[in-house]
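Novice: What follows is coords.tsv, TSV, C-alpha atoms.
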chain	number	residue	atom	x	y	z
J	93	MET	CA	-43.49	-37.79	145.11
J	94	SER	CA	-45.86	-35.09	143.91
J	95	PRO	CA	-44.54	-31.52	143.98
J	96	VAL	CA	-45.82	-29.23	146.73
J	97	ASP	CA	-48.47	-26.81	145.48
J	98	PRO	CA	-46.83	-23.38	145.85
J	99	LEU	CA	-50.31	-21.86	146.35
J	100	HIS	CA	-51.40	-24.31	149.05
J	101	ASP	CA	-53.37	-22.89	151.97
J	102	LEU	CA	-54.50	-24.12	155.34
J	103	PRO	CA	-58.04	-25.49	155.50
J	104	PHE	CA	-60.64	-22.93	156.58
J	105	VAL	CA	-62.21	-24.46	159.68
J	106	ILE	CA	-64.92	-22.97	161.91
J	107	GLY	CA	-66.41	-24.91	164.79
J	108	GLY	CA	-64.88	-28.16	163.54
J	109	ARG	CA	-66.28	-27.82	160.03
J	110	THR	CA	-64.13	-27.15	156.98
J	111	PHE	CA	-65.35	-24.67	154.37
J	112	ARG	CA	-64.08	-24.42	150.82
J	113	SER	CA	-64.26	-20.65	150.36
J	114	ARG	CA	-62.97	-17.88	152.62
J	115	LEU	CA	-65.50	-15.54	151.06
J	116	MET	CA	-68.97	-15.66	152.61
J	117	VAL	CA	-71.88	-13.70	151.23
J	118	GLY	CA	-75.27	-12.44	152.30
J	119	THR	CA	-78.52	-12.91	150.41
J	120	GLY	CA	-80.23	-9.58	151.10
J	121	LYS	CA	-81.14	-6.67	148.87
J	122	TYR	CA	-80.98	-8.36	145.45
J	123	ALA	CA	-83.38	-7.14	142.78
J	124	THR	CA	-84.36	-10.70	141.86
J	125	ASN	CA	-83.72	-14.19	143.20
J	126	ALA	CA	-82.11	-15.17	139.90
J	127	ASP	CA	-79.68	-12.29	140.30
J	128	MET	CA	-78.91	-13.42	143.85
J	129	ILE	CA	-78.15	-17.00	142.81
J	130	ALA	CA	-75.97	-15.97	139.84
J	131	THR	CA	-74.05	-13.58	142.10
J	132	ILE	CA	-73.48	-16.13	144.85
J	133	ASP	CA	-72.26	-18.63	142.30
J	134	ALA	CA	-69.85	-16.10	140.78
J	135	SER	CA	-68.48	-15.36	144.26
J	136	GLY	CA	-67.67	-19.03	144.84
J	137	ALA	CA	-69.07	-18.72	148.36
J	138	GLU	CA	-70.19	-21.80	150.22
J	139	VAL	CA	-71.48	-20.03	153.33
J	140	VAL	CA	-74.47	-17.78	152.67
J	141	THR	CA	-76.28	-15.85	155.37
J	142	VAL	CA	-80.06	-15.68	155.72
J	143	ALA	CA	-82.41	-13.85	158.08
J	144	VAL	CA	-85.36	-15.18	160.09
J	145	ARG	CA	-88.61	-13.29	159.54
J	146	ARG	CA	-92.36	-13.77	159.82
J	147	VAL	CA	-94.01	-15.43	156.86
J	148	ASP	CA	-96.14	-12.84	155.10
J	149	LEU	CA	-99.48	-14.64	155.21
J	150	ASP	CA	-101.09	-12.27	152.72
J	151	ARG	CA	-98.59	-12.90	149.96
J	152	LYS	CA	-97.48	-15.96	148.10
J	153	GLN	CA	-94.70	-17.89	149.69
J	154	GLU	CA	-92.01	-17.65	146.99
J	155	GLU	CA	-90.42	-14.91	149.06
J	156	GLY	CA	-88.95	-17.61	151.28
J	157	VAL	CA	-85.30	-17.91	150.36
J	158	LEU	CA	-85.29	-21.70	150.69
J	159	TYR	CA	-87.28	-21.92	147.47
J	160	HIS	CA	-84.16	-20.63	145.72
J	161	LEU	CA	-81.18	-21.72	147.81
J	162	SER	CA	-80.58	-25.44	147.99
J	163	PRO	CA	-79.27	-26.44	151.42
J	164	GLU	CA	-77.31	-29.21	149.69
J	165	LYS	CA	-75.37	-26.69	147.65
J	166	TYR	CA	-74.87	-23.88	150.15
J	167	PHE	CA	-74.18	-23.74	153.86
J	168	LEU	CA	-77.01	-21.63	155.23
J	169	LEU	CA	-75.88	-19.42	158.08
J	170	ALA	CA	-78.86	-17.92	159.94
J	171	ASN	CA	-78.31	-14.46	161.36
J	172	THR	CA	-79.99	-12.50	164.11
J	173	ALA	CA	-80.01	-9.24	162.16
J	174	GLY	CA	-82.45	-6.67	163.46
J	175	CYS	CA	-82.19	-7.83	167.09
J	176	TYR	CA	-81.53	-5.12	169.66
J	177	ASP	CA	-81.09	-7.14	172.85
J	178	ALA	CA	-79.68	-10.47	173.96
J	179	ASP	CA	-83.04	-12.17	174.60
J	180	GLU	CA	-84.37	-11.26	171.17
J	181	ALA	CA	-81.18	-12.46	169.48
J	182	ILE	CA	-81.33	-15.74	171.42
J	183	ARG	CA	-84.95	-16.23	170.34
J	184	TYR	CA	-84.07	-15.65	166.68
J	185	ALA	CA	-81.03	-17.92	166.90
J	186	ARG	CA	-83.18	-20.77	168.23
J	187	LEU	CA	-85.78	-20.24	165.48
J	188	GLY	CA	-83.00	-20.21	162.89
J	189	ARG	CA	-81.59	-23.46	164.20
J	190	GLU	CA	-85.02	-25.07	164.01
J	191	ALA	CA	-85.55	-23.79	160.47
J	192	GLY	CA	-82.08	-24.57	159.38
J	193	PHE	CA	-79.70	-27.33	158.86
J	194	ASN	CA	-76.85	-26.69	161.27
J	195	GLU	CA	-75.86	-25.33	164.68
J	196	PHE	CA	-74.22	-22.20	163.33
J	197	VAL	CA	-75.53	-18.70	163.92
J	198	LYS	CA	-74.21	-15.32	162.87
J	199	LEU	CA	-75.01	-13.47	166.05
J	200	GLU	CA	-75.86	-9.80	165.81
J	201	VAL	CA	-77.03	-7.71	168.74
J	202	ILE	CA	-77.34	-4.18	167.44
J	203	GLY	CA	-76.97	-1.24	169.78
J	204	ASP	CA	-77.78	1.76	167.61
J	205	ARG	CA	-80.17	2.27	164.72
J	206	GLU	CA	-78.14	4.90	162.91
J	207	THR	CA	-74.76	3.16	162.83
J	208	LEU	CA	-75.93	-0.44	163.39
J	209	LEU	CA	-72.91	-0.82	165.66
J	210	PRO	CA	-73.03	-3.81	168.01
J	211	ASP	CA	-74.22	-3.79	171.61
J	212	VAL	CA	-71.23	-5.62	173.03
J	213	ASP	CA	-72.82	-6.32	176.43
J	214	GLY	CA	-75.81	-7.99	174.80
J	215	LEU	CA	-73.52	-9.79	172.40
J	216	LEU	CA	-71.48	-11.31	175.23
J	217	ILE	CA	-74.60	-12.41	177.13
J	218	ALA	CA	-76.14	-14.02	174.04
J	219	THR	CA	-72.86	-15.68	173.06
J	220	ARG	CA	-72.54	-17.33	176.48
J	221	VAL	CA	-76.13	-18.63	176.42
J	222	LEU	CA	-76.02	-19.90	172.84
J	223	ALA	CA	-72.57	-21.51	173.14
J	224	LYS	CA	-73.87	-23.44	176.19
J	225	GLU	CA	-76.82	-24.63	174.07
J	226	GLY	CA	-74.43	-26.09	171.53
J	227	PHE	CA	-74.52	-23.33	168.96
J	228	GLN	CA	-71.46	-22.46	166.91
J	229	VAL	CA	-71.61	-18.71	167.43
J	230	LEU	CA	-70.06	-16.39	164.87
J	231	ALA	CA	-70.24	-13.07	166.68
J	232	TYR	CA	-70.51	-9.84	164.72
J	233	THR	CA	-68.61	-7.23	166.71
J	234	ASN	CA	-66.63	-4.01	166.74
J	235	ASP	CA	-63.00	-3.88	165.72
J	236	ASP	CA	-62.16	-3.89	169.43
J	237	LEU	CA	-59.59	-6.35	170.77
J	238	ILE	CA	-60.96	-6.57	174.30
J	239	THR	CA	-64.47	-7.39	173.14
J	240	ALA	CA	-63.07	-9.93	170.68
J	241	LEU	CA	-61.10	-11.64	173.47
J	242	ARG	CA	-64.18	-11.68	175.71
J	243	LEU	CA	-66.28	-13.19	172.94
J	244	GLN	CA	-63.70	-15.91	172.48
J	245	ASP	CA	-63.76	-16.60	176.24
J	246	ALA	CA	-67.58	-16.63	176.12
J	247	GLY	CA	-67.42	-19.54	173.70
J	248	ALA	CA	-67.67	-17.93	170.26
J	249	ALA	CA	-66.61	-20.29	167.45
J	250	ALA	CA	-65.47	-17.29	165.40
J	251	VAL	CA	-65.28	-13.57	165.94
J	252	MET	CA	-66.44	-11.22	163.18
J	253	PRO	CA	-65.09	-7.71	163.58
J	254	LEU	CA	-66.42	-5.11	161.18
J	255	ALA	CA	-64.33	-3.47	158.48
J	256	ALA	CA	-66.75	-0.51	158.62
J	257	PRO	CA	-70.45	-0.10	159.50
J	258	ILE	CA	-72.94	-2.47	157.85
J	259	GLY	CA	-73.86	-1.39	154.34
J	260	SER	CA	-71.48	1.59	154.39
J	261	GLY	CA	-69.03	0.41	151.73
J	262	LEU	CA	-66.32	2.51	153.37
J	263	GLY	CA	-63.68	-0.21	153.37
J	264	MET	CA	-61.54	-1.23	156.33
J	265	ILE	CA	-61.38	1.72	158.76
J	266	ASN	CA	-58.79	0.29	161.13
J	267	PRO	CA	-56.35	-2.28	159.73
J	268	PHE	CA	-54.29	-2.11	162.93
J	269	SER	CA	-57.24	-3.30	165.03
J	270	ILE	CA	-58.08	-6.07	162.61
J	271	ARG	CA	-54.47	-7.29	162.57
J	272	THR	CA	-54.25	-7.13	166.35
J	273	ILE	CA	-57.47	-9.09	166.80
J	274	LYS	CA	-56.24	-11.75	164.38
J	275	ARG	CA	-52.86	-11.95	166.11
J	276	ARG	CA	-54.33	-12.31	169.60
J	277	LEU	CA	-57.25	-14.69	169.02
J	278	THR	CA	-57.06	-18.42	168.56
J	279	VAL	CA	-60.57	-18.81	167.08
J	280	PRO	CA	-61.04	-17.81	163.42
J	281	VAL	CA	-61.42	-14.11	162.66
J	282	ILE	CA	-63.81	-13.26	159.83
J	283	VAL	CA	-64.18	-9.63	158.86
J	284	ASP	CA	-67.86	-8.84	158.37
J	285	ALA	CA	-69.42	-5.73	156.88
J	286	GLY	CA	-68.24	-2.49	155.38
J	287	VAL	CA	-66.28	-3.42	152.29
J	288	GLY	CA	-67.25	-1.67	149.07
J	289	THR	CA	-65.10	-3.03	146.29
J	290	ALA	CA	-62.51	-5.68	145.46
J	291	SER	CA	-59.51	-3.74	146.73
J	292	ASP	CA	-61.22	-3.49	150.12
J	293	ALA	CA	-61.60	-7.28	150.24
J	294	CYS	CA	-57.98	-7.68	149.20
J	295	LEU	CA	-56.77	-5.31	151.94
J	296	VAL	CA	-58.86	-7.12	154.53
J	297	MET	CA	-57.43	-10.51	153.59
J	298	GLU	CA	-53.89	-9.09	153.51
J	299	GLN	CA	-54.22	-8.53	157.27
J	300	GLY	CA	-54.14	-12.30	157.68
J	301	VAL	CA	-57.72	-12.84	158.79
J	302	ASP	CA	-59.35	-16.18	158.09
J	303	GLY	CA	-62.28	-15.02	156.02
J	304	ILE	CA	-64.56	-12.20	154.96
J	305	LEU	CA	-68.33	-11.76	154.75
J	306	MET	CA	-70.11	-9.21	152.57
J	307	ASN	CA	-73.56	-8.47	151.20
J	308	THR	CA	-74.24	-4.89	150.12
J	309	ALA	CA	-71.01	-4.51	148.12
J	310	LEU	CA	-72.32	-7.25	145.85
J	311	ALA	CA	-76.06	-6.55	145.90
J	312	GLU	CA	-75.65	-2.83	145.19
J	313	ALA	CA	-73.01	-3.12	142.46
J	314	LYS	CA	-74.26	-2.11	139.03
J	315	GLU	CA	-73.30	-5.57	137.76
J	316	THR	CA	-73.57	-7.90	140.71
J	317	VAL	CA	-72.15	-11.00	139.01
J	318	ARG	CA	-69.08	-9.13	137.78
J	319	MET	CA	-68.51	-7.63	141.23
J	320	ALA	CA	-68.80	-11.08	142.79
J	321	HIS	CA	-66.12	-12.32	140.40
J	322	ALA	CA	-63.95	-9.33	141.34
J	323	MET	CA	-64.51	-9.96	145.08
J	324	ARG	CA	-63.54	-13.58	144.66
J	325	LEU	CA	-60.30	-12.56	142.95
J	326	GLY	CA	-59.71	-9.78	145.50
J	327	THR	CA	-60.23	-12.17	148.42
J	328	ASP	CA	-57.89	-14.74	146.89
J	329	ALA	CA	-55.32	-12.10	145.98
J	330	GLY	CA	-55.28	-10.74	149.52
J	331	ARG	CA	-55.04	-14.19	151.03
J	332	GLN	CA	-52.17	-15.23	148.78
J	333	ALA	CA	-50.36	-11.94	149.35
J	334	PHE	CA	-50.66	-12.46	153.11
J	335	LEU	CA	-49.33	-16.02	152.84
J	336	ALA	CA	-46.54	-14.87	150.53
J	337	GLY	CA	-45.38	-12.24	153.03
J	338	ARG	CA	-44.92	-8.74	151.72
J	339	MET	CA	-41.57	-6.95	151.37
J	340	PRO	CA	-40.66	-4.43	154.05
J	341	ARG	CA	-41.80	-0.83	153.64
J	342	ARG	CA	-38.83	1.56	153.15
J	343	GLU	CA	-38.94	5.29	153.01
J	344	VAL	CA	-36.01	5.36	150.56
J	345	ALA	CA	-35.66	4.09	147.01
J	346	VAL	CA	-33.65	0.94	146.34
J	347	PRO	CA	-32.81	0.36	142.67
J	348	SER	CA	-33.93	-2.88	141.06
J	349	SER	CA	-31.23	-2.83	138.38
J	350	PRO	CA	-27.53	-3.39	139.19
J	351	PHE	CA	-24.93	-0.61	139.54
J	352	ASP	CA	-22.30	-2.88	137.96
J	353	GLY	CA	-21.89	-2.71	134.22
J	354	MET	CA	-22.95	0.93	133.83
J	355	LEU	CA	-21.13	2.73	131.00
J	356	SER	CA	-18.35	5.03	132.17
V	43	MET	CA	-123.39	-27.27	160.39
V	44	ARG	CA	-121.83	-24.17	161.86
V	45	THR	CA	-118.15	-24.35	162.79
V	46	ASP	CA	-117.14	-22.86	166.13
V	47	LEU	CA	-114.40	-20.27	165.87
V	48	GLN	CA	-111.74	-19.09	168.29
V	49	THR	CA	-109.44	-16.11	168.06
V	50	ILE	CA	-105.64	-16.47	168.22
V	51	SER	CA	-102.81	-14.08	167.56
V	52	LEU	CA	-101.07	-15.17	164.36
V	53	ASN	CA	-97.90	-13.32	163.41
V	54	GLY	CA	-99.07	-10.40	165.49
V	55	THR	CA	-102.58	-10.19	164.01
V	56	ALA	CA	-105.84	-11.47	165.47
V	57	ARG	CA	-107.22	-14.34	163.42
V	58	GLU	CA	-110.25	-16.57	163.73
V	59	ILE	CA	-109.64	-20.29	163.33
V	60	PRO	CA	-111.91	-23.31	163.75
V	61	VAL	CA	-112.27	-25.30	166.98
V	62	PRO	CA	-110.55	-27.70	167.29
V	63	CYS	CA	-107.38	-26.96	165.35
V	64	THR	CA	-103.81	-28.21	165.66
V	65	LEU	CA	-100.74	-26.34	164.50
V	66	GLY	CA	-100.37	-28.86	161.69
V	67	GLU	CA	-103.92	-28.15	160.54
V	68	LEU	CA	-103.29	-24.42	160.75
V	69	LEU	CA	-100.29	-24.75	158.41
V	70	THR	CA	-102.38	-26.77	155.98
V	71	GLN	CA	-105.13	-24.12	156.04
V	72	LEU	CA	-102.52	-21.45	155.35
V	73	ASP	CA	-101.01	-23.53	152.52
V	74	LEU	CA	-97.58	-23.44	154.18
V	75	ASP	CA	-94.94	-26.11	153.72
V	76	ARG	CA	-93.90	-27.31	157.16
V	77	ARG	CA	-90.43	-28.24	155.89
V	78	ILE	CA	-89.73	-24.57	155.28
V	79	VAL	CA	-91.31	-22.75	158.20
V	80	VAL	CA	-90.77	-22.77	161.95
V	81	VAL	CA	-93.64	-22.37	164.37
V	82	GLU	CA	-93.47	-20.75	167.77
V	83	HIS	CA	-96.47	-21.40	170.03
V	84	ASN	CA	-96.77	-19.15	173.08
V	85	ARG	CA	-93.01	-18.45	172.77
V	86	ILE	CA	-92.10	-22.12	172.61
V	87	ILE	CA	-90.61	-23.50	169.40
V	88	ILE	CA	-92.58	-26.52	168.20
V	89	ARG	CA	-90.57	-29.17	166.39
V	90	ARG	CA	-91.84	-30.11	162.95
V	91	ASP	CA	-92.67	-33.68	163.88
V	92	THR	CA	-94.86	-32.60	166.80
V	93	LEU	CA	-96.96	-29.93	165.02
V	94	ASP	CA	-99.91	-32.28	164.66
V	95	GLY	CA	-99.98	-32.95	168.40
V	96	VAL	CA	-100.36	-29.35	169.54
V	97	SER	CA	-103.94	-28.03	169.75
V	98	LEU	CA	-104.69	-24.33	169.69
V	99	ALA	CA	-106.77	-22.52	172.29
V	100	ALA	CA	-108.34	-19.08	172.23
V	101	GLY	CA	-105.80	-16.36	172.96
V	102	ASP	CA	-102.78	-18.42	171.90
V	103	MET	CA	-99.88	-16.61	170.29
V	104	VAL	CA	-98.52	-18.24	167.16
V	105	GLU	CA	-95.56	-17.03	165.15
V	106	ILE	CA	-94.67	-18.62	161.82
V	107	VAL	CA	-91.26	-17.69	160.46
V	108	HIS	CA	-88.99	-18.66	157.61
V	109	PHE	CA	-85.67	-17.68	156.06
V	110	VAL	CA	-85.51	-14.58	153.92
V	111	GLY	CA	-82.58	-12.84	152.24
V	112	GLY	CA	-80.25	-11.17	154.71
V	113	GLY	CA	-76.65	-10.27	155.37
Rewrite the structure from the file as structure tokens, please.

Specialist:
Amino acid sequence: MSPVDPLHDLPFVIGGRTFRSRLMVGTGKYATNADMIATIDASGAEVVTVAVRRVDLDRKQEEGVLYHLSPEKYFLLANTAGCYDADEAIRYARLGREAGFNEFVKLEVIGDRETLLPDVDGLLIATRVLAKEGFQVLAYTNDDLITALRLQDAGAAAVMPLAAPIGSGLGMINPFSIRTIKRRLTVPVIVDAGVGTASDACLVMEQGVDGILMNTALAEAKETVRMAHAMRLGTDAGRQAFLAGRMPRREVAVPSSPFDGMLS
Amino acid sequence: MRTDLQTISLNGTAREIPVPCTLGELLTQLDLDRRIVVVEHNRIIIRRDTLDGVSLAAGDMVEIVHFVGGG
């Protein structure tokens, strides 16, 4: 009988599909496509997000991300970034499905241009429509339990509460909310947006969530490949620490060395 | 021989194209790879394998999109 792997983990399943990495990454804001690819590879991510935009007919077409990202190697997750109401997000989701290779969509319905916080009413409407059309909806939302529960009821395949606003790099603002959402939902919880460095990713995963998605923390690091390596380690460290179960917090000291055998 | 032209809206900009012209022919004229783009014709998404069967008429709205980097 083979020994049990002490580091074994549950499979990471969303919408019936198993993914090999709990770290998902975006593809925006890189200085070059080569930099983007090297960074994604260093992160170990399988799921990479992409946006749907008009082809620029006046420029050459190498700007299309599919020239650089092989759909055989990565799982392309189309987003609806930049959409400010449910109808627009639904339109983008359908275009993404037609362009893409799967039924998954990272649904964003943004409610405010300054904070990029979600419009939860629009998000719920779009989730219901898209789930009925057979989409696996990964819904980007606030760190609000009630909205998360409603998204689950609306048919979301996963709920993606934010750690902090998109692109802010502030790290997880409300660990209590994230833990509560994870505890109360049955669908996977993937924290999306707001982490800035590896300790942030570690703290997020220590809350017990199923996965994490980031973009700016990698793309705006001085050395993107090194940060991707750090994020991979941070994500794994947080996940393993969660599975291991941390010691209780005590507000008193407890010595690690024995009292017995001290010299008189 | 003079080619007749018609005006459509292409990605939000007025553009003159020949008559007749299908969506498939439009992509060829624009040097776009149909495996990589998605075409919306008057707000309806046109599947790749039917692009050659859809003819354009004056005033049509065509959007051609693809995947770009995003988070």

Novice: I'd like the neighbourhood of range 300-317 of chain J as a PyMOL selection string, where a residue qualifies if any of its atoms comes within 8 Å (using all atoms listed in the file), though same-chain residues fewer than 3 positions away should be ignored.

Specialist: (chain J and resi 104+114-123+127-128+130-132+134-135+259+261+270-271+274+280-289+293+296-297+320-321+327+331+334-335) or (chain V and resi 113)

Novice: Could you give me, as number ranges by chain, the residues that sit within 9 Å of (-108.6, -20.3, 170.8) in the file's coordinates, counting all atoms listed in the file?

Specialist: V: 47-50, 58-63, 98-102

Novice: Define the interface residues of chain V facing chain J as those within 8 Å, counting only C-alpha atoms, and report them as a list in words.

Specialist: Asn53, Leu72, Leu74, Ile78, Val79, Val80, Ile87, Arg89, Glu105, Ile106, Val107, His108, Phe109, Val110, Gly111, Gly112 and Gly113 of chain V

Novice: CA of Thr233 in chain J and CA of Arg85 in chain V are how many Å apart?

Specialist: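 Computing the Euclidean distance for CA of Thr233 in chain J and CA of Arg85 in chain V yields 27.5 Å.
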
Novice: Could you please determine the separation between CA of Pro257 in chain J and CA of Pro103 in chain J in Å, to one decimal place?

Specialist: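 If I compute the distance from CA of Pro257 in chain J to CA of Pro103 in chain J, I get 28.5 Å.
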
Novice: Pick the closest to Arg57 in chain V from V:Thr45, V:Val104, V:Asp73, V:Asp94: which is it, counting only C-alpha atoms?

Specialist: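 Result for the nearest residue to Arg57 in chain V: V:Val104.
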
Novice: Check the smallest atom-to-atom distance from each of J:Leu237, J:Cys294, J:Arg112, J:Val221 to Phe167 in chain J using all atoms listed in the file, then report the winner.

Specialist: J:Arg112

Novice: What is the CA of Gln228 in chain J-CA of Phe196 in chain J distance in Å, reported with one decimal?

Specialist: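 These atoms are spaced 4.5 Å apart.
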
Novice: So which residues touch Gly203 in chain J within 8 Å, counting all atoms listed in the file, skipping near sequence neighbours fewer than 5 positions away, as a PDB file with C-alpha atoms, in the frame of the given file?

Specialist:
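Listed below is the output, part24.pdb:
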ATOM      1  CA  TYR J 176     -81.530  -5.120 169.660  1.00  0.00           C
ATOM      2  CA  ASP J 177     -81.090  -7.140 172.850  1.00  0.00           C
ATOM      3  CA  LEU J 208     -75.930  -0.440 163.390  1.00  0.00           C
ATOM      4  CA  LEU J 209     -72.910  -0.820 165.660  1.00  0.00           C
ATOM      5  CA  PRO J 210     -73.030  -3.810 168.010  1.00  0.00           C
ATOM      6  CA  ASP J 211     -74.220  -3.790 171.610  1.00  0.00           C
ATOM      7  CA  VAL J 212     -71.230  -5.620 173.030  1.00  0.00           C
TER       8      VAL J 212
END

Novice: Which residues are near Pro267 in chain J? Cut-off 10 Å, only C-alpha atoms, ignore same chain within fewer than 3 positions. Put them as a tab-separated table (two decimals) with C-alpha atoms, in the frame of the given file.

Specialist:
chain	number	residue	atom	x	y	z
J	235	ASP	CA	-63.00	-3.88	165.72
J	255	ALA	CA	-64.33	-3.47	158.48
J	263	GLY	CA	-63.68	-0.21	153.37
J	264	MET	CA	-61.54	-1.23	156.33
J	270	ILE	CA	-58.08	-6.07	162.61
J	271	ARG	CA	-54.47	-7.29	162.57
J	272	THR	CA	-54.25	-7.13	166.35
J	273	ILE	CA	-57.47	-9.09	166.80
J	295	LEU	CA	-56.77	-5.31	151.94
J	296	VAL	CA	-58.86	-7.12	154.53
J	298	GLU	CA	-53.89	-9.09	153.51
J	299	GLN	CA	-54.22	-8.53	157.27

Novice: I'd like the contact shell of Leu65 in chain V - 10 Å cut-off, all atoms listed in the file, skipping same-chain residues fewer than 6 positions apart - returned as a list in words.

Specialist: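 The contact residues come out as Gln71, Val81, Glu82, His83, Ile88, Arg90, Thr92, Leu93, Asp94, Gly95, Val96, Ser97, Leu98 and Val104 of chain V.
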